[in-house]
file coords10.cif (mmCIF, C-alpha atoms)
data_model
loop_
_atom_site.label_atom_id
_atom_site.label_comp_id
_atom_site.auth_asym_id
_atom_site.auth_seq_id
_atom_site.Cartn_x
_atom_site.Cartn_y
_atom_site.Cartn_z
CA MET S 213 90.33 120.61 82.29
CA ARG S 214 90.81 122.14 85.75
CA THR S 215 94.23 123.59 86.58
CA ILE S 216 95.65 123.86 90.08
CA PRO S 217 98.79 125.88 90.85
CA VAL S 218 101.31 123.09 91.41
CA THR S 219 101.61 119.35 91.23
CA LEU S 220 100.74 117.98 94.66
CA LEU S 221 102.56 114.95 96.02
CA PHE S 222 101.66 114.03 99.58
CA LEU S 223 103.66 111.34 101.39
CA PHE S 224 102.71 110.64 104.95
CA ALA S 225 102.47 107.89 107.53
CA ILE S 226 99.19 106.82 109.06
CA THR S 227 98.55 104.42 111.93
CA ASP S 228 95.79 101.82 111.79
CA VAL S 229 93.95 102.50 115.05
CA ALA S 230 92.68 98.91 115.33
CA THR S 231 96.12 97.28 115.10
CA SER S 232 98.55 100.15 115.86
CA GLN S 233 100.33 99.30 112.62
CA GLN S 234 101.75 101.90 110.29
CA HIS S 235 101.02 102.46 106.62
CA TYR S 236 102.62 105.01 104.33
CA GLN S 237 100.51 106.77 101.74
CA THR S 238 101.28 108.72 98.59
CA ILE S 239 98.57 110.85 96.97
CA TYR S 240 99.65 112.31 93.65
CA VAL S 241 97.61 115.10 92.09
CA PRO S 242 98.90 116.28 88.68
CA THR S 243 99.16 119.99 87.88
CA THR S 244 96.23 119.61 85.50
CA VAL S 245 93.33 117.35 86.39
CA VAL S 246 90.05 116.80 84.61
CA GLN S 247 86.84 118.04 86.18
CA SER S 248 85.64 115.41 88.66
CA PRO S 249 88.71 113.21 88.08
CA ALA S 250 89.09 109.47 88.29
CA LEU S 251 90.93 107.84 91.19
CA VAL S 252 93.43 105.05 90.59
CA VAL S 253 94.46 103.06 93.67
CA CYS S 254 97.80 101.34 93.06
CA LEU S 255 98.78 98.39 95.29
CA HIS S 256 102.40 97.25 95.37
CA GLY S 257 103.64 93.68 95.26
CA THR S 258 105.39 91.97 98.18
CA THR S 259 108.59 93.86 98.96
CA LEU S 260 111.29 92.29 101.14
CA ASP S 261 112.72 94.54 103.85
CA SER S 262 114.52 93.00 106.82
CA THR S 263 114.22 96.09 109.02
CA GLY S 264 110.89 97.61 108.01
CA THR S 265 112.57 100.94 107.32
CA HIS S 266 112.22 101.02 103.53
CA PRO S 267 108.50 101.17 102.66
CA PRO S 268 107.76 100.82 98.93
CA THR S 269 106.36 104.35 98.67
CA ASN S 270 107.53 104.89 95.08
CA TRP S 271 106.68 101.42 93.77
CA CYS S 272 103.85 102.68 91.55
CA GLY S 273 105.71 105.80 90.43
CA LEU S 274 108.65 103.72 89.25
CA ARG S 275 106.27 101.71 87.07
CA GLY S 276 104.99 104.74 85.21
CA TRP S 277 101.71 105.54 86.91
CA LYS S 278 102.63 109.15 87.71
CA ASP S 279 103.38 109.75 84.03
CA VAL S 280 99.97 108.36 83.04
CA ALA S 281 98.27 110.46 85.74
CA ASP S 282 100.00 113.55 84.31
CA ARG S 283 98.80 112.73 80.81
CA PHE S 284 95.19 111.87 81.65
CA GLY S 285 94.55 114.05 84.70
CA PHE S 286 93.50 111.54 87.36
CA VAL S 287 94.42 111.31 91.04
CA LEU S 288 96.81 108.51 91.97
CA TYR S 289 96.63 106.95 95.45
CA ALA S 290 99.50 104.61 96.30
CA PRO S 291 99.34 103.31 99.87
CA THR S 292 101.68 100.76 101.35
CA SER S 293 100.68 97.74 103.32
CA THR S 294 101.97 97.48 106.86
CA TRP S 295 105.39 95.95 107.41
CA ASN S 296 105.11 92.32 108.44
CA PRO S 297 107.74 91.37 111.05
CA LYS S 298 106.97 87.69 110.58
CA THR S 299 107.93 87.58 106.89
CA LYS S 300 110.18 90.67 106.95
CA SER S 301 108.26 92.21 104.09
CA TRP S 302 105.64 94.73 103.06
CA MET S 303 102.69 92.61 101.94
CA TRP S 304 98.90 92.80 101.84
CA ASN S 305 96.52 90.75 103.94
CA ALA S 306 94.36 89.34 101.15
CA TYR S 307 91.96 86.43 101.60
CA ASN S 308 93.14 83.70 103.98
CA MET S 309 96.53 85.31 104.53
CA ASP S 310 96.16 85.90 108.30
CA PHE S 311 98.62 83.06 108.96
CA LEU S 312 101.41 85.15 107.42
CA PHE S 313 101.07 87.84 110.10
CA PRO S 314 101.60 87.84 113.86
CA ALA S 315 98.61 86.03 115.34
CA SER S 316 97.75 88.92 117.66
CA SER S 317 97.48 91.57 114.96
CA PRO S 318 96.66 90.60 111.36
CA PRO S 319 95.96 93.92 109.61
CA ASP S 320 92.55 94.85 108.25
CA ASP S 321 93.87 96.08 104.91
CA SER S 322 90.46 95.87 103.25
CA GLY S 323 88.89 98.13 105.86
CA PHE S 324 91.86 100.48 105.77
CA LEU S 325 91.66 100.88 101.99
CA ARG S 326 87.89 101.31 101.96
CA SER S 327 88.02 104.06 104.57
CA ASN S 328 90.75 105.97 102.74
CA ILE S 329 89.12 105.61 99.33
CA GLN S 330 85.95 107.13 100.76
CA GLN S 331 87.90 110.02 102.28
CA ILE S 332 89.84 110.71 99.06
CA ILE S 333 86.64 110.71 96.98
CA GLY S 334 85.34 113.57 99.11
CA THR S 335 88.58 115.49 99.52
CA TYR S 336 89.52 115.57 95.83
CA SER S 337 86.02 115.71 94.27
CA ILE S 338 86.53 112.31 92.64
CA ASN S 339 83.91 111.06 90.20
CA PRO S 340 82.37 108.24 92.29
CA LYS S 341 81.77 106.19 89.14
CA ARG S 342 85.45 106.23 88.23
CA VAL S 343 87.32 104.59 91.11
CA PHE S 344 89.77 101.90 89.99
CA VAL S 345 92.20 99.53 91.73
CA ILE S 346 95.35 98.04 90.22
CA GLY S 347 97.61 95.57 92.01
CA SER S 348 100.49 93.24 91.19
CA SER S 349 101.27 89.91 92.90
CA SER S 350 100.30 90.44 96.57
CA GLY S 351 98.66 93.68 95.47
CA GLY S 352 96.74 91.71 92.82
CA PHE S 353 95.39 89.35 95.49
CA MET S 354 94.39 92.44 97.49
CA ALA S 355 92.73 94.07 94.45
CA HIS S 356 90.37 91.09 94.29
CA ARG S 357 89.49 91.51 97.96
CA VAL S 358 88.81 95.22 97.54
CA GLY S 359 86.67 94.46 94.48
CA ILE S 360 84.56 92.02 96.47
CA GLU S 361 84.22 93.98 99.71
CA SER S 362 84.08 97.48 98.22
CA GLY S 363 82.35 96.79 94.91
CA ASP S 364 79.91 99.54 95.76
CA LEU S 365 82.81 102.01 95.55
CA VAL S 366 85.01 100.47 92.87
CA ALA S 367 84.16 100.37 89.15
CA ALA S 368 86.99 98.10 87.96
CA ILE S 369 90.02 96.23 89.24
CA ALA S 370 93.15 94.97 87.54
CA SER S 371 95.02 92.03 89.03
CA LEU S 372 98.43 91.22 87.58
CA SER S 373 99.61 87.77 88.70
CA GLY S 374 97.37 87.84 91.75
CA GLN S 375 94.78 85.14 92.44
CA LEU S 376 91.44 85.42 94.15
CA TRP S 377 92.18 83.19 97.13
CA TYR S 378 94.68 80.91 98.81
CA ALA S 379 93.95 77.84 100.97
CA ASP S 380 90.18 78.31 101.25
CA PRO S 381 87.79 79.15 98.37
CA THR S 382 85.05 80.36 100.74
CA LEU S 383 84.48 84.04 100.00
CA PRO S 384 81.95 86.64 101.12
CA SER S 385 79.19 87.76 98.80
CA PRO S 386 80.42 90.55 96.49
CA SER S 387 79.00 93.98 97.21
CA GLY S 388 78.35 94.79 93.55
CA PRO S 389 79.33 94.14 89.92
CA VAL S 390 82.92 95.10 89.08
CA SER S 391 84.81 95.01 85.78
CA LEU S 392 87.99 92.92 85.82
CA PHE S 393 91.25 93.01 83.89
CA GLU S 394 93.50 90.14 84.91
CA CYS S 395 96.64 88.67 83.39
CA HIS S 396 98.99 85.83 84.28
CA GLY S 397 102.27 84.58 82.97
CA ALA S 398 102.36 81.00 81.71
CA LYS S 399 105.91 80.69 83.07
CA ASP S 400 104.92 81.86 86.56
CA THR S 401 106.32 79.43 89.14
CA PHE S 402 105.51 81.58 92.17
CA VAL S 403 101.75 82.00 91.74
CA PRO S 404 100.67 79.02 89.62
CA SER S 405 98.31 80.19 86.89
CA CYS S 406 96.46 76.86 86.84
CA GLY S 407 96.21 76.66 90.61
CA GLY S 408 97.01 73.39 92.31
CA THR S 409 98.78 73.21 95.66
CA LYS S 410 101.87 74.99 96.86
CA ALA S 411 103.65 75.82 100.11
CA ILE S 412 104.37 79.52 100.67
CA TRP S 413 106.26 81.25 103.47
CA GLY S 414 106.83 77.98 105.33
CA LYS S 415 103.20 76.84 105.38
CA THR S 416 102.35 73.30 104.32
CA LYS S 417 100.95 72.89 100.82
CA GLU S 418 97.58 74.51 100.32
CA PRO S 419 95.46 75.04 97.19
CA PHE S 420 95.69 78.17 95.06
CA ALA S 421 92.86 79.54 92.98
CA SER S 422 93.40 79.05 89.26
CA MET S 423 92.80 81.55 86.49
CA ASP S 424 89.59 79.67 85.73
CA ASP S 425 88.45 79.98 89.35
CA ASP S 426 89.02 83.74 89.23
CA LEU S 427 87.35 84.07 85.85
CA ASN S 428 84.19 82.16 86.70
CA PHE S 429 83.82 83.90 90.06
CA TRP S 430 83.76 87.33 88.40
CA LEU S 431 81.60 86.16 85.50
CA GLN S 432 79.02 84.95 88.00
CA THR S 433 79.34 88.11 90.10
CA ASP S 434 78.73 90.25 87.03
CA GLY S 435 75.75 88.19 85.82
CA LEU S 436 77.54 86.46 82.95
CA PRO S 437 77.48 82.72 82.08
CA PRO S 438 80.40 80.42 82.97
CA ASN S 439 83.33 80.32 80.59
CA PRO S 440 83.06 77.33 78.19
CA SER S 441 86.73 77.50 77.12
CA PRO S 442 88.97 77.09 80.19
CA PHE S 443 92.60 78.16 80.30
CA CYS S 444 93.64 74.98 82.14
CA THR S 445 92.92 71.29 81.70
CA ALA S 446 92.31 70.91 85.44
CA GLU S 447 93.31 72.39 88.80
CA GLY S 448 97.10 72.23 88.76
CA GLY S 449 96.95 71.01 85.16
CA SER S 450 98.43 72.26 81.91
CA PHE S 451 97.33 75.03 79.59
CA THR S 452 94.73 74.41 76.91
CA GLY S 453 96.07 77.06 74.54
CA VAL S 454 93.31 79.62 75.13
CA PRO S 455 95.02 83.05 75.02
CA TYR S 456 92.27 85.23 76.49
CA VAL S 457 88.59 85.43 77.46
CA ASP S 458 86.59 88.63 77.10
CA GLU S 459 82.92 88.88 78.14
CA LYS S 460 80.75 91.94 78.62
CA THR S 461 77.29 92.68 80.00
CA ALA S 462 74.72 94.84 78.24
CA SER S 463 75.50 97.64 80.72
CA GLY S 464 79.22 97.54 79.88
CA VAL S 465 80.64 95.63 82.86
CA GLU S 466 83.48 93.56 81.40
CA VAL S 467 85.60 90.58 82.44
CA LEU S 468 88.86 90.34 80.48
CA MET S 469 91.47 87.72 81.34
CA TYR S 470 94.69 87.20 79.44
CA LEU S 471 97.42 84.54 79.59
CA ASP S 472 100.88 85.73 78.58
CA TYR S 473 102.63 82.64 77.24
CA GLU S 474 106.04 84.36 77.05
CA ASN S 475 106.49 85.63 80.61
CA GLY S 476 106.39 84.62 84.26
CA HIS S 477 105.83 86.48 87.52
CA PRO S 478 104.67 89.15 87.77
CA CYS S 479 102.64 89.90 84.67
CA GLU S 480 103.73 93.55 84.58
CA ALA S 481 104.24 93.97 80.84
CA TYR S 482 100.79 95.58 80.82
CA TRP S 483 101.66 98.40 83.20
CA PRO S 484 100.31 100.95 82.98
CA GLN S 485 99.04 102.06 79.57
CA ILE S 486 96.92 99.00 78.77
CA VAL S 487 95.43 98.86 82.26
CA TRP S 488 94.55 102.56 82.16
CA GLY S 489 93.03 102.04 78.72
CA PHE S 490 90.78 99.39 80.29
CA PHE S 491 89.87 101.63 83.22
CA LEU S 492 89.18 104.57 80.91
CA THR S 493 86.23 102.76 79.34
CA HIS S 494 84.85 101.08 82.48
CA ALA S 495 83.20 103.62 84.71
CA LYS S 496 80.31 102.30 86.76
CA PRO S 497 77.11 102.13 84.66
#
call {"tool": "encode", "arguments": {"input": "coords10.cif", "output": "structure tokens"}}
result
Amino acid sequence: MRTIPVTLLFLFAITDVATSQQHYQTIYVPTTVVQSPALVVCLHGTTLDSTGTHPPTNWCGLRGWKDVADRFGFVLYAPTSTWNPKTKSWMWNAYNMDFLFPASSPPDDSGFLRSNIQQIIGTYSINPKRVFVIGSSSGGFMAHRVGIESGDLVAAIASLSGQLWYADPTLPSPSGPVSLFECHGAKDTFVPSCGGTKAIWGKTKEPFASMDDDLNFWLQTDGLPPNPSPFCTAEGGSFTGVPYVDEKTASGVEVLMYLDYENGHPCEAYWPQIVWGFFLTHAKP
């Protein structure tokens, strides 16, 4: 273990130069960190705020991630999205979500996160094979995007009640294999676990990715065969009764998806101990 004099908690605002929009960032460094520590990037869910004056800067801390960082000695990075004046909320610009933001300035959250992850890796001597991203709801959607566009940096992602895409299934080519932990609630009426179509934030009905879409995308990305036992009977259909799917490559890259039949949205019962347990064993090969 490596000991530093005090626990460091940095909270500061940063402006996205491209869009002139403001993010807030919390970097939490426990008093005792392991040599070459892991980095956990924690992405909040959509948070309503009519004035844009209450950023969800402690969203991850309230869910126990600081306690886990203290116990296991990793660095915790908890940025906020920008505040969206159109929806009066703090929310991430995941795939095909530009329509939710003012047309003149949809934020480049993927680029923003990539740049800051790279900077934090250098500043805090992070083990480059142990960079992980966890997100819930809107943050879960964004975790998928970071996994695809920054797979060269990220070893594993966890998406809790966040799908891969909305409205358009066309996605860029992933930048590398990434382990996935994903869970959904069978009683989720906000982000339908079996996909189908739904109107959100005033937009006409558009398709949502299903759990099976997410699962097969990451299986293919990681060089694994398609899942023969789907969670859903069809897009927008009912559940088949499959509780989970767990597949792993010879090099240890793993895709684990779980359906919680007792709960709805978001699937946060697995914060944070189970997710950290998954991350702990899924460094980049």
call {"tool": "resolve_selection", "arguments": {"input": "coords10.cif", "expression": "the PyMOL selection byres ((chain S and resi 461-469) around 9)", "output": "ChimeraX atom specification"}}
result
/S:367-368,389-396,423,427,430-431,434-436,455-460,470-471,493-497
call {"tool": "write_last_selection", "arguments": {"input": "coords10.cif", "atoms": "C-alpha atoms", "output": "PDB file, keeping the file's coordinate frame"}}
result
ATOM      1  CA  ALA S 367      84.160 100.370  89.150  1.00  0.00           C
ATOM      2  CA  ALA S 368      86.990  98.100  87.960  1.00  0.00           C
ATOM      3  CA  PRO S 389      79.330  94.140  89.920  1.00  0.00           C
ATOM      4  CA  VAL S 390      82.920  95.100  89.080  1.00  0.00           C
ATOM      5  CA  SER S 391      84.810  95.010  85.780  1.00  0.00           C
ATOM      6  CA  LEU S 392      87.990  92.920  85.820  1.00  0.00           C
ATOM      7  CA  PHE S 393      91.250  93.010  83.890  1.00  0.00           C
ATOM      8  CA  GLU S 394      93.500  90.140  84.910  1.00  0.00           C
ATOM      9  CA  CYS S 395      96.640  88.670  83.390  1.00  0.00           C
ATOM     10  CA  HIS S 396      98.990  85.830  84.280  1.00  0.00           C
ATOM     11  CA  MET S 423      92.800  81.550  86.490  1.00  0.00           C
ATOM     12  CA  LEU S 427      87.350  84.070  85.850  1.00  0.00           C
ATOM     13  CA  TRP S 430      83.760  87.330  88.400  1.00  0.00           C
ATOM     14  CA  LEU S 431      81.600  86.160  85.500  1.00  0.00           C
ATOM     15  CA  ASP S 434      78.730  90.250  87.030  1.00  0.00           C
ATOM     16  CA  GLY S 435      75.750  88.190  85.820  1.00  0.00           C
ATOM     17  CA  LEU S 436      77.540  86.460  82.950  1.00  0.00           C
ATOM     18  CA  PRO S 455      95.020  83.050  75.020  1.00  0.00           C
ATOM     19  CA  TYR S 456      92.270  85.230  76.490  1.00  0.00           C
ATOM     20  CA  VAL S 457      88.590  85.430  77.460  1.00  0.00           C
ATOM     21  CA  ASP S 458      86.590  88.630  77.100  1.00  0.00           C
ATOM     22  CA  GLU S 459      82.920  88.880  78.140  1.00  0.00           C
ATOM     23  CA  LYS S 460      80.750  91.940  78.620  1.00  0.00           C
ATOM     24  CA  TYR S 470      94.690  87.200  79.440  1.00  0.00           C
ATOM     25  CA  LEU S 471      97.420  84.540  79.590  1.00  0.00           C
ATOM     26  CA  THR S 493      86.230 102.760  79.340  1.00  0.00           C
ATOM     27  CA  HIS S 494      84.850 101.080  82.480  1.00  0.00           C
ATOM     28  CA  ALA S 495      83.200 103.620  84.710  1.00  0.00           C
ATOM     29  CA  LYS S 496      80.310 102.300  86.760  1.00  0.00           C
ATOM     30  CA  PRO S 497      77.110 102.130  84.660  1.00  0.00           C
TER      31      PRO S 497
END
call {"tool": "residues_around", "arguments": {"input": "coords10.cif", "residues": "Asn305 of chain S", "least_positions_apart": "4", "cutoff": "9 Å", "atoms": "all atoms listed in the file", "output": "PyMOL selection string"}}
result
chain S and resi 293+309-310+312-313+318-322+350+353-354
call {"tool": "resolve_selection", "arguments": {"input": "coords10.cif", "expression": "the PyMOL selection byres ((chain S and resi 290) around 8)", "output": "VMD selection string"}}
result
chain S and resid 237 to 239 253 to 256 269 272 288 to 289 291 to 292
call {"tool": "resolve_selection", "arguments": {"input": "coords10.cif", "expression": "the PyMOL selection byres ((chain S and resi 379) around 7)", "output": "list in words"}}
result
Asn308, Trp377, Tyr378, Asp380, Pro381, Glu418, Pro419 and Phe420 of chain S
call {"tool": "closest_residue", "arguments": {"input": "coords10.cif", "among": "S:Pro384, S:Pro484, S:Gly374, S:Pro297", "to": "Gly352 of chain S", "atoms": "only C-alpha atoms"}}
result
S:Gly374
call {"tool": "residues_around", "arguments": {"input": "coords10.cif", "residues": "segment 298-303 of chain S", "least_positions_apart": "3", "cutoff": "8 Å", "atoms": "only C-alpha atoms", "output": "list in words"}}
result
Gly257, Thr258, Thr259, Leu260, Asp261, Ser262, Thr263, Gly264, Pro267, Pro268, Thr292, Ser293, Thr294, Trp295, Leu312, Phe313, Pro314, Ser350, Gly351 and Trp413 of chain S
call {"tool": "closest_residue", "arguments": {"input": "coords10.cif", "among": "S:Ser317, S:Asn296, S:Ser405, S:Ser422", "to": "Asn475 of chain S", "atoms": "only C-alpha atoms"}}
result
S:Ser405
call {"tool": "atom_distance", "arguments": {"input": "coords10.cif", "atom1": "atom CA of Arg275 of chain S", "atom2": "atom CA of Ile332 of chain S"}}
result
22.2 Å
call {"tool": "atom_distance", "arguments": {"input": "coords10.cif", "atom1": "atom CA of Gln375 of chain S", "atom2": "atom CA of Ala421 of chain S"}}
result
5.9 Å
call {"tool": "atom_distance", "arguments": {"input": "coords10.cif", "atom1": "atom CA of Phe451 of chain S", "atom2": "atom CA of Gly476 of chain S"}}
result
14.0 Å
call {"tool": "closest_residue", "arguments": {"input": "coords10.cif", "among": "S:Thr433, S:Gly363, S:Ser248, S:Thr416", "to": "Ile333 of chain S", "atoms": "only C-alpha atoms"}}
result
S:Ser248
call {"tool": "residues_around", "arguments": {"input": "coords10.cif", "residues": "Leu365 of chain S", "least_positions_apart": "6", "cutoff": "8 Å", "atoms": "all atoms listed in the file", "output": "list of chain:residue names"}}
result
S:Gln330, S:Pro340, S:Lys341, S:Val343
call {"tool": "closest_residue", "arguments": {"input": "coords10.cif", "among": "S:His266, S:Leu251, S:Arg357, S:Pro242", "to": "Gln331 of chain S", "atoms": "only C-alpha atoms"}}
result
S:Leu251
call {"tool": "closest_residue", "arguments": {"input": "coords10.cif", "among": "S:Val246, S:Ile486, S:Val280, S:Leu372", "to": "Tyr336 of chain S", "atoms": "all atoms listed in the file"}}
result
S:Val246
call {"tool": "axis_aligned_box", "arguments": {"input": "coords10.cif", "around": "segment 455-465 of chain S", "padding_each_side": "8 Å", "output": "JSON"}}
result
{"center_x": 84.9, "center_y": 90.3, "center_z": 78.9, "size_x": 36.3, "size_y": 30.6, "size_z": 23.8}
call {"tool": "closest_residue", "arguments": {"input": "coords10.cif", "among": "S:Ser362, S:Gln247, S:Ser337, S:Ser373", "to": "Ala398 of chain S", "atoms": "all atoms listed in the file"}}
result
S:Ser373
call {"tool": "decode", "arguments": {"input": "coords10.cif", "residues": "segment 341-366 of chain S", "atoms": "C-alpha atoms", "output": "PDB file, in the first residue's frame"}}
result
ATOM      1  CA  LYS S 341      -5.038  -1.771 -17.303  1.00  0.00           C
ATOM      2  CA  ARG S 342      -7.442  -0.987 -14.467  1.00  0.00           C
ATOM      3  CA  VAL S 343      -9.707   1.815 -15.671  1.00  0.00           C
ATOM      4  CA  PHE S 344     -13.411   1.125 -15.117  1.00  0.00           C
ATOM      5  CA  VAL S 345     -16.660   2.986 -15.815  1.00  0.00           C
ATOM      6  CA  ILE S 346     -19.925   2.590 -13.906  1.00  0.00           C
ATOM      7  CA  GLY S 347     -23.149   4.393 -14.797  1.00  0.00           C
ATOM      8  CA  SER S 348     -26.831   4.243 -13.910  1.00  0.00           C
ATOM      9  CA  SER S 349     -29.762   5.104 -16.199  1.00  0.00           C
ATOM     10  CA  SER S 350     -28.496   8.009 -18.360  1.00  0.00           C
ATOM     11  CA  GLY S 351     -25.039   7.279 -16.972  1.00  0.00           C
ATOM     12  CA  GLY S 352     -25.480   3.636 -18.016  1.00  0.00           C
ATOM     13  CA  PHE S 353     -26.237   4.703 -21.586  1.00  0.00           C
ATOM     14  CA  MET S 354     -23.110   6.866 -21.439  1.00  0.00           C
ATOM     15  CA  ALA S 355     -20.997   4.016 -20.023  1.00  0.00           C
ATOM     16  CA  HIS S 356     -21.765   2.039 -23.181  1.00  0.00           C
ATOM     17  CA  ARG S 357     -20.630   4.950 -25.348  1.00  0.00           C
ATOM     18  CA  VAL S 358     -17.394   5.345 -23.404  1.00  0.00           C
ATOM     19  CA  GLY S 359     -16.798   1.594 -23.679  1.00  0.00           C
ATOM     20  CA  ILE S 360     -17.167   1.725 -27.449  1.00  0.00           C
ATOM     21  CA  GLU S 361     -15.249   4.932 -28.161  1.00  0.00           C
ATOM     22  CA  SER S 362     -12.581   4.570 -25.461  1.00  0.00           C
ATOM     23  CA  GLY S 363     -12.218   0.799 -25.306  1.00  0.00           C
ATOM     24  CA  ASP S 364      -8.486   1.277 -25.694  1.00  0.00           C
ATOM     25  CA  LEU S 365      -8.482   3.015 -22.298  1.00  0.00           C
ATOM     26  CA  VAL S 366     -11.250   1.199 -20.435  1.00  0.00           C
TER      27      VAL S 366
END
